[in-house]
Amino acid sequence: MTLLSLALLVPWVAGAALVLLDGRRPLIGWLAAGAVLANLGLLVALGIQTIGGEPVTFVTGEWAPGIGIRLRADALGVVFAVLSSFAILAATVHELLEGVRERTFPGLVVLLAAGLTGVFLTGDLFNFYVFFELAMTASYVLATYGGERRELGGALVFMLVNLLGTFLFLLSVAGVYHVTGTLDMALIAERMATVDPSTAILIAVGFFVAFSVKLGLFPFHFWLPTVYTASRPAVAAILSGAVANIGVYGLLRFGGELLERELELASTALIVIGSLSIIYGGLCAISRRTPTEMLAYSAIGQIGYVLVAIGIGGPVGFAAAVLYSAVNALNKVLLFLVARMRGLVVGAAFAVGAFSVVGLPPAAGFVGKLEIFRSAAGEPALLALFVVGSALSVLYAFQLYQIDFWREERPGPIAGRAQQALVLFLALVVLATGIWPEALLAPAHKAAGALPEGLP
Amino acid sequence: MLNVLLWLPLAVALVAVLLPRRAVAPFSFLGSLVTLALAIALVVDFDSSIPGLQHEVSESWIPDLGISYALGVDGISLFLVLLTALLWSASFAFAAFRQPERRRNYFFMLGLAETATLGAFLAQDLVLFVLFFDLMLVPFFFLIGAYGTGNRVQATIKMMIYTLVGSLLMLVGAIATGILVADETGELSFALADLRANVLSEGTQAWIFCFFAAAFLVKMPAVPLHGWVPDAYRAAPLPALALLSGVLSKVAAYGFLRVVFPIFPDAAIEFQELVMIVAVASILYGSVMAFTQSNLRMIIAYSSIAQMGFITLGLFALTADGADGAVLHMINHGLVAWPVFFIIALLAERYGSEDLREMGGGALRAPVFATLFIIVTLALLAMPGSANFIGEFYILNAVFQTKVVYAIVASTGIAMAAFYALRMYQRTMHNRLPEGKTSREIGLRDGVVLAPMVAVIVGLALYPGLVLERGEASVQDKVGAVLAAAECEERFYAQDGEGTQPGVAGIELDCE
């Protein structure tokens, strides 16, 4: 209980304080990194507690349920919280080493960490919305980070589209409240089964669109390449490695727990949309010539696998979805951070990331691919799709590496040792989780087990 | 012991990265010699009467997915492991004397490749095998892409697409096998022994077989899946190319014996004709192409396609003799391919080109070099007296007994091999010296690398039983699985009872 409250409180308080200070001063920056690190540490401790044992649930301030904020840390939430916090920490440290350009940056990343932690650890639908907005507001501002015309243009698109998404989300929340009379997720899950199916479907579609927009699934992807290519590497890493997790988590939590019946109904649709994303993302990625563009489209394609896995459902499908999105987040953080760097280990780190996207051993991507293939084992059509998708990823990942490292030197100064050490560390994490996949598999299976359908 | 053997090359490579530039090459070479010594110790220690695995290692690795870290060596992999260690030592020496640029990375990649290849030969778990099979690609991607010549970027991407799509299919096949078997047994396991104990239904075997065959035939390479070969061979640096041709292609042939025959025996019978047609096509196409080429590398590239065709033919004769011959021929071809590529490097240094038309008279002042070269050439064309002859003899003998037509067509491949091998030797070593070129004897350093390799060829020619004896029991065991399936099928059609009966070649039958 203390861990859970602290995990939320620390970044919240720290973020609110830091955002007022001048973040361009190194001390403030490192304080922010320290706050995210503390958040990560608390979440890991919480993770050990929940993954090994029981979920932690309590109502803040000992208010009656329904009035006080209900917090709930189960394996699914904690896994995504840890993952997001890690991504934010890595990107923040990277930017600190590069030199922070705007005073609000450190405070905002801490607030973002607070918002995301809240999203993943709340047991109440309305608070989910509040934290969701908090995280999104922080990301809107972060997307402008850099302050050039390019970044501002991207940020505008990002904000408009995602505001629309959150608006739809809020509508659906209102709908849920209207038909079930509660905002407590556990109660909603119980009462939703008795709700009129057509109403439930309408609500479910609203949630689905909101999360799909966040994820950049085809056909809601149109904003994603513009934003990812326009933002600074650290911000792109945060958006793809941390903020996108809301989408996967939301689909899993809402589909797997609150709207089980509707998920089952929509499974074919999810698989079709996921498949389109895989093919579309892969094809577009091949035709791009700059690393960030290619990575942006690759993100669309890779998320498609997660959606297909959710569509397949059951313990294997959900676990594959969690695992694959974790692996994908790690890959993308690594790749976006090295995308514009130069230096001795940059090539090696980039290669590890690219191989991981392809699913070559011993990178973590191999385990991700293994799980994904396993989830589709009984479906020849899906297997064929995955093979085609993977073949596309082979094409663009290697093309990307070659264009970037074998044709000509990248422009710009050589990155400092500390930055290089950071990306090397991330690359080693990707390798280590490939060599010792239990570290990802066990939490992923536990996380899937947190959903009623995902129990083995 | 297998653990040390497997990981030592990678460990050496990791240490070498941290050493000062000068020490990298000697250290890597010495490390590879230790690996070689371990491989020799493994052969000495081998008990040839046991058909099963020896020196087994089995640890649970990813229990959630039923994947184990299982290693083992039997009569089939024993000499392939030794071949790997030997050729890698030779390539380390080859590269060490020529000191490539960015050598830390270069030697690291070589070391990683050795571990990956040894892993593929030692793995006794299907997913582990796929993992090492894929891992082999990574270092070669860098070796060719970063150190290659000519159109290296396109060559690597072509190679990666061909082989990775193949191995993706294989991964799908592997997972499907594990899961379908688990449906029957209730426990997910990818250990080869467990998969073998629960053979799948024929229809399922058929499609999974196709996936595995695609991966292996691309890697081998076999016609018509050889599209990546010409570009990759042209671009690759020679020390790496010698390994690609000498060892990596064998992993594919080995995969048929290790994975396909025991686990998909019915499919092996079903697709026997098709694969044999592919094999014969490879022999004919490879041989014909080999004597139309003027670039030395390309001659050997196409000759490799033909030789791998012979090996596939031997395997799919589906008799113990054929497979025995195939195993021996895998070793032979590896032993011959490496020195040929080394000789190409020496010739290219002398003539400044790898084109036959710009060479000639090389033997004039280089009797030792010429002698070593002619021994390799004669082995390449499978001259009676060489181990290659014995390998091809076993193979053709087996094919004559099962499918006469293929044997007759394949025999023409031997005649063509004689033609392109001798043409290569004559055009380079005989004839007149081109203007401005001189004939030069092989240097001491290069001699020290080449002579032992030639000695091994001669040694194996004198005593091929070394390989055949040790391989026999294991080969019987693998091919036996297919023979048993064939026997069962026949009885099924003859309505001739079921259950456990002693079958052909003393193999226990367990027909369902």
# chains A, B, ... in the order shown; residues from 1 in each chain; ligands from 1
call {"tool": "select_by_dssp", "arguments": {"residues": "stretch 282-442 of chain B", "states": "helix (DSSP H, G or I)", "output": "ChimeraX atom specification"}}
result
/B:282-290,296-316,320-351,356-358,367-380,387-402,404-429
call {"tool": "interface_residues", "arguments": {"of": "chain B", "to": "chain A", "cutoff": "6 Å", "atoms": "only C-alpha atoms", "output": "tab-separated table (two decimals) with C-alpha atoms, in the first residue's frame"}}
result
chain	number	residue	atom	x	y	z
B	131	LEU	CA	18.15	-19.87	-32.82
B	135	LEU	CA	22.44	-16.43	-35.31
B	165	VAL	CA	12.49	-15.80	-44.99
B	176	ALA	CA	3.88	-25.67	-34.95
call {"tool": "atom_distance", "arguments": {"atom1": "atom CA of A:Leu323", "atom2": "atom CA of A:Ala448"}}
result
9.6 Å
call {"tool": "select_by_dssp", "arguments": {"residues": "stretch 245-480 of chain B", "states": "strand (DSSP E or B)", "output": "list in words"}}
result
Asn295, Asp355, Pro384 and Ser386 of chain B
call {"tool": "residues_around", "arguments": {"residues": "stretch 185-192 of chain B", "least_positions_apart": "6", "cutoff": "6 Å", "atoms": "only C-alpha atoms", "output": "short mmCIF file (atom, residue, chain, number, x, y, z; two decimals) with C-alpha atoms, in the first residue's frame"}}
result
data_model
loop_
_atom_site.label_atom_id
_atom_site.label_comp_id
_atom_site.auth_asym_id
_atom_site.auth_seq_id
_atom_site.Cartn_x
_atom_site.Cartn_y
_atom_site.Cartn_z
CA GLY B 66 9.22 -25.73 -23.07
CA ILE B 67 12.56 -24.72 -24.54
CA GLN B 124 19.33 -30.95 -29.40
CA ASP B 125 16.34 -28.70 -29.00
CA LEU B 126 14.43 -27.57 -32.02
CA GLY B 178 6.10 -28.27 -30.69
#
call {"tool": "residues_around", "arguments": {"residues": "A:Gly368", "least_positions_apart": "3", "cutoff": "9 Å", "atoms": "only C-alpha atoms", "output": "CSV table (one decimal) with N, CA and C atoms, in the first residue's frame"}}
result
chain,number,residue,atom,x,y,z
A,320,ALA,N,1.3,-13.0,-25.2
A,320,ALA,CA,2.1,-12.6,-26.4
A,320,ALA,C,2.0,-11.1,-26.6
A,321,ALA,N,0.8,-10.5,-26.4
A,321,ALA,CA,0.6,-9.1,-26.6
A,321,ALA,C,1.4,-8.3,-25.6
A,323,LEU,N,4.1,-9.3,-24.0
A,323,LEU,CA,5.5,-9.5,-24.2
A,323,LEU,C,6.0,-8.7,-25.4
A,324,TYR,N,5.2,-8.8,-26.5
A,324,TYR,CA,5.6,-8.2,-27.7
A,324,TYR,C,5.6,-6.7,-27.6
A,325,SER,N,4.6,-6.1,-26.9
A,325,SER,CA,4.7,-4.7,-26.7
A,325,SER,C,5.9,-4.2,-25.8
A,326,ALA,N,6.2,-5.1,-24.9
A,326,ALA,CA,7.4,-4.8,-24.0
A,326,ALA,C,8.7,-4.8,-24.9
A,327,VAL,N,8.8,-5.8,-25.7
A,327,VAL,CA,10.0,-5.9,-26.5
A,327,VAL,C,10.0,-4.8,-27.5
A,328,ASN,N,8.8,-4.5,-28.1
A,328,ASN,CA,8.8,-3.4,-29.1
A,328,ASN,C,9.1,-2.1,-28.5
A,356,SER,N,16.7,-6.9,-33.4
A,356,SER,CA,15.6,-7.2,-32.5
A,356,SER,C,14.3,-7.0,-33.1
A,359,GLY,N,13.7,-9.9,-35.2
A,359,GLY,CA,13.5,-11.1,-34.5
A,359,GLY,C,14.7,-12.1,-34.6
A,364,ALA,N,16.1,-9.6,-27.9
A,364,ALA,CA,14.8,-9.9,-27.3
A,364,ALA,C,13.7,-10.1,-28.3
A,365,GLY,N,13.9,-9.5,-29.5
A,365,GLY,CA,12.9,-9.7,-30.5
A,365,GLY,C,12.6,-11.1,-30.9
A,371,GLU,N,6.8,-15.9,-29.2
A,371,GLU,CA,5.5,-15.8,-28.6
A,371,GLU,C,4.4,-15.5,-29.6
A,372,ILE,N,4.7,-14.6,-30.5
A,372,ILE,CA,3.6,-14.2,-31.4
A,372,ILE,C,3.3,-15.3,-32.3
A,373,PHE,N,4.3,-16.0,-32.8
A,373,PHE,CA,4.0,-17.2,-33.7
A,373,PHE,C,3.3,-18.2,-32.9
A,434,GLY,N,16.9,-11.1,-24.3
A,434,GLY,CA,16.8,-12.2,-25.3
A,434,GLY,C,17.5,-13.5,-24.8
call {"tool": "closest_atom_pairs", "arguments": {"of": "stretch 177-221 of chain A", "to": "stretch 62-72 of chain A", "cutoff": "10 Å", "atoms": "only C-alpha atoms", "output": "CSV"}}
result
residue,atom,partner,partner_atom,distance
A:Thr182,CA,A:Gly66,CA,7.8
A:Leu183,CA,A:Gly66,CA,7.5
A:Asp184,CA,A:Gly66,CA,6.9
A:Met185,CA,A:Arg70,CA,9.3
call {"tool": "write_last_selection", "arguments": {"atoms": "all heavy atoms", "output": "compact mmCIF listing (two decimals), in the first residue's frame"}}
result
# COMPACT_ATOMS: atom_id res chain seq x y z
N THR A 182 -21.72 2.99 -12.17
CA THR A 182 -20.51 3.00 -11.34
C THR A 182 -19.30 3.34 -12.21
O THR A 182 -19.36 3.20 -13.44
CB THR A 182 -20.29 1.65 -10.66
OG1 THR A 182 -19.07 1.72 -9.92
CG2 THR A 182 -20.17 0.52 -11.67
N LEU A 183 -18.24 3.74 -11.57
CA LEU A 183 -16.99 3.99 -12.31
C LEU A 183 -15.89 3.08 -11.80
O LEU A 183 -14.75 3.16 -12.23
CB LEU A 183 -16.58 5.46 -12.18
CG LEU A 183 -17.46 6.41 -12.99
CD1 LEU A 183 -17.20 7.85 -12.60
CD2 LEU A 183 -17.22 6.22 -14.48
N ASP A 184 -16.24 2.24 -10.85
CA ASP A 184 -15.26 1.30 -10.33
C ASP A 184 -15.07 0.16 -11.33
O ASP A 184 -16.02 -0.50 -11.72
CB ASP A 184 -15.76 0.76 -8.99
CG ASP A 184 -14.72 -0.09 -8.31
OD1 ASP A 184 -14.36 -1.15 -8.88
OD2 ASP A 184 -14.26 0.31 -7.24
N MET A 185 -13.83 -0.05 -11.74
CA MET A 185 -13.61 -1.02 -12.82
C MET A 185 -14.09 -2.41 -12.45
O MET A 185 -14.66 -3.12 -13.28
CB MET A 185 -12.14 -1.05 -13.19
CG MET A 185 -11.69 0.16 -13.98
SD MET A 185 -9.94 0.01 -14.29
CE MET A 185 -9.67 1.29 -15.46
call {"tool": "atom_distance", "arguments": {"atom1": "atom CA of A:Leu307", "atom2": "atom CA of A:Ile271"}}
result
6.6 Å
call {"tool": "residues_around", "arguments": {"residues": "A:Ala174", "least_positions_apart": "5", "cutoff": "12 Å", "atoms": "only C-alpha atoms", "output": "list in words"}}
result
Leu125, Phe126, Tyr129, Phe167, Leu168, Phe169, Val179, Thr180, Gly181, Thr182, Leu183, Leu202, Ile203, Gly206 and Phe207 of chain A
call {"tool": "atom_distance", "arguments": {"atom1": "atom CA of A:Tyr228", "atom2": "atom CA of A:Ser240"}}
result
8.2 Å
call {"tool": "residues_around", "arguments": {"residues": "stretch 10-18 of chain A", "least_positions_apart": "5", "cutoff": "8 Å", "atoms": "only C-alpha atoms", "output": "VMD selection string"}}
result
chain A and resid 23 28 32 35 to 36 38 to 39 106 to 111 113 to 115
call {"tool": "closest_residue", "arguments": {"among": "A:Gly343, A:Gly61, A:Gly250, A:Gly389", "to": "A:Val357", "atoms": "only C-alpha atoms"}}
result
A:Gly389
call {"tool": "residues_around", "arguments": {"residues": "A:Leu330", "least_positions_apart": "4", "cutoff": "9 Å", "atoms": "only C-alpha atoms", "output": "list of chain:residue names"}}
result
A:Leu83, A:Ala87, A:Gly241, A:Ser325, A:Ala326, A:Leu334, A:Leu335, A:Gly353, A:Ala364, A:Leu426, A:Ala427, A:Val429, A:Val430
call {"tool": "write_last_selection", "arguments": {"atoms": "N, CA and C atoms", "output": "compact mmCIF listing (two decimals), in the first residue's frame"}}
result
# COMPACT_ATOMS: atom_id res chain seq x y z
N LEU A 83 7.67 -0.61 -17.44
CA LEU A 83 8.18 -0.43 -18.79
C LEU A 83 8.20 1.06 -19.17
N ALA A 87 11.40 3.55 -19.93
CA ALA A 87 11.57 4.27 -21.19
C ALA A 87 11.76 5.76 -20.95
N GLY A 241 7.90 4.56 -26.66
CA GLY A 241 8.23 3.57 -25.64
C GLY A 241 7.36 3.66 -24.40
N SER A 325 4.64 -6.12 -26.85
CA SER A 325 4.69 -4.65 -26.72
C SER A 325 5.85 -4.24 -25.84
N ALA A 326 6.21 -5.07 -24.86
CA ALA A 326 7.39 -4.75 -24.04
C ALA A 326 8.65 -4.76 -24.90
N LEU A 334 15.49 2.29 -27.86
CA LEU A 334 16.88 2.18 -28.29
C LEU A 334 17.08 2.80 -29.67
N LEU A 335 16.21 2.43 -30.61
CA LEU A 335 16.42 2.85 -31.99
C LEU A 335 16.21 4.36 -32.16
N GLY A 353 19.32 -3.20 -32.08
CA GLY A 353 17.92 -2.81 -32.16
C GLY A 353 17.27 -3.30 -33.44
N ALA A 364 16.12 -9.58 -27.94
CA ALA A 364 14.83 -9.87 -27.31
C ALA A 364 13.73 -10.12 -28.34
N LEU A 426 21.35 0.22 -23.13
CA LEU A 426 20.03 -0.19 -23.64
C LEU A 426 20.15 -1.40 -24.57
N ALA A 427 21.20 -1.37 -25.40
CA ALA A 427 21.39 -2.50 -26.31
C ALA A 427 21.66 -3.77 -25.51
N VAL A 429 20.56 -4.39 -22.56
CA VAL A 429 19.27 -4.82 -21.98
C VAL A 429 18.50 -5.64 -23.00
N VAL A 430 18.48 -5.15 -24.24
CA VAL A 430 17.76 -5.89 -25.29
C VAL A 430 18.38 -7.28 -25.48
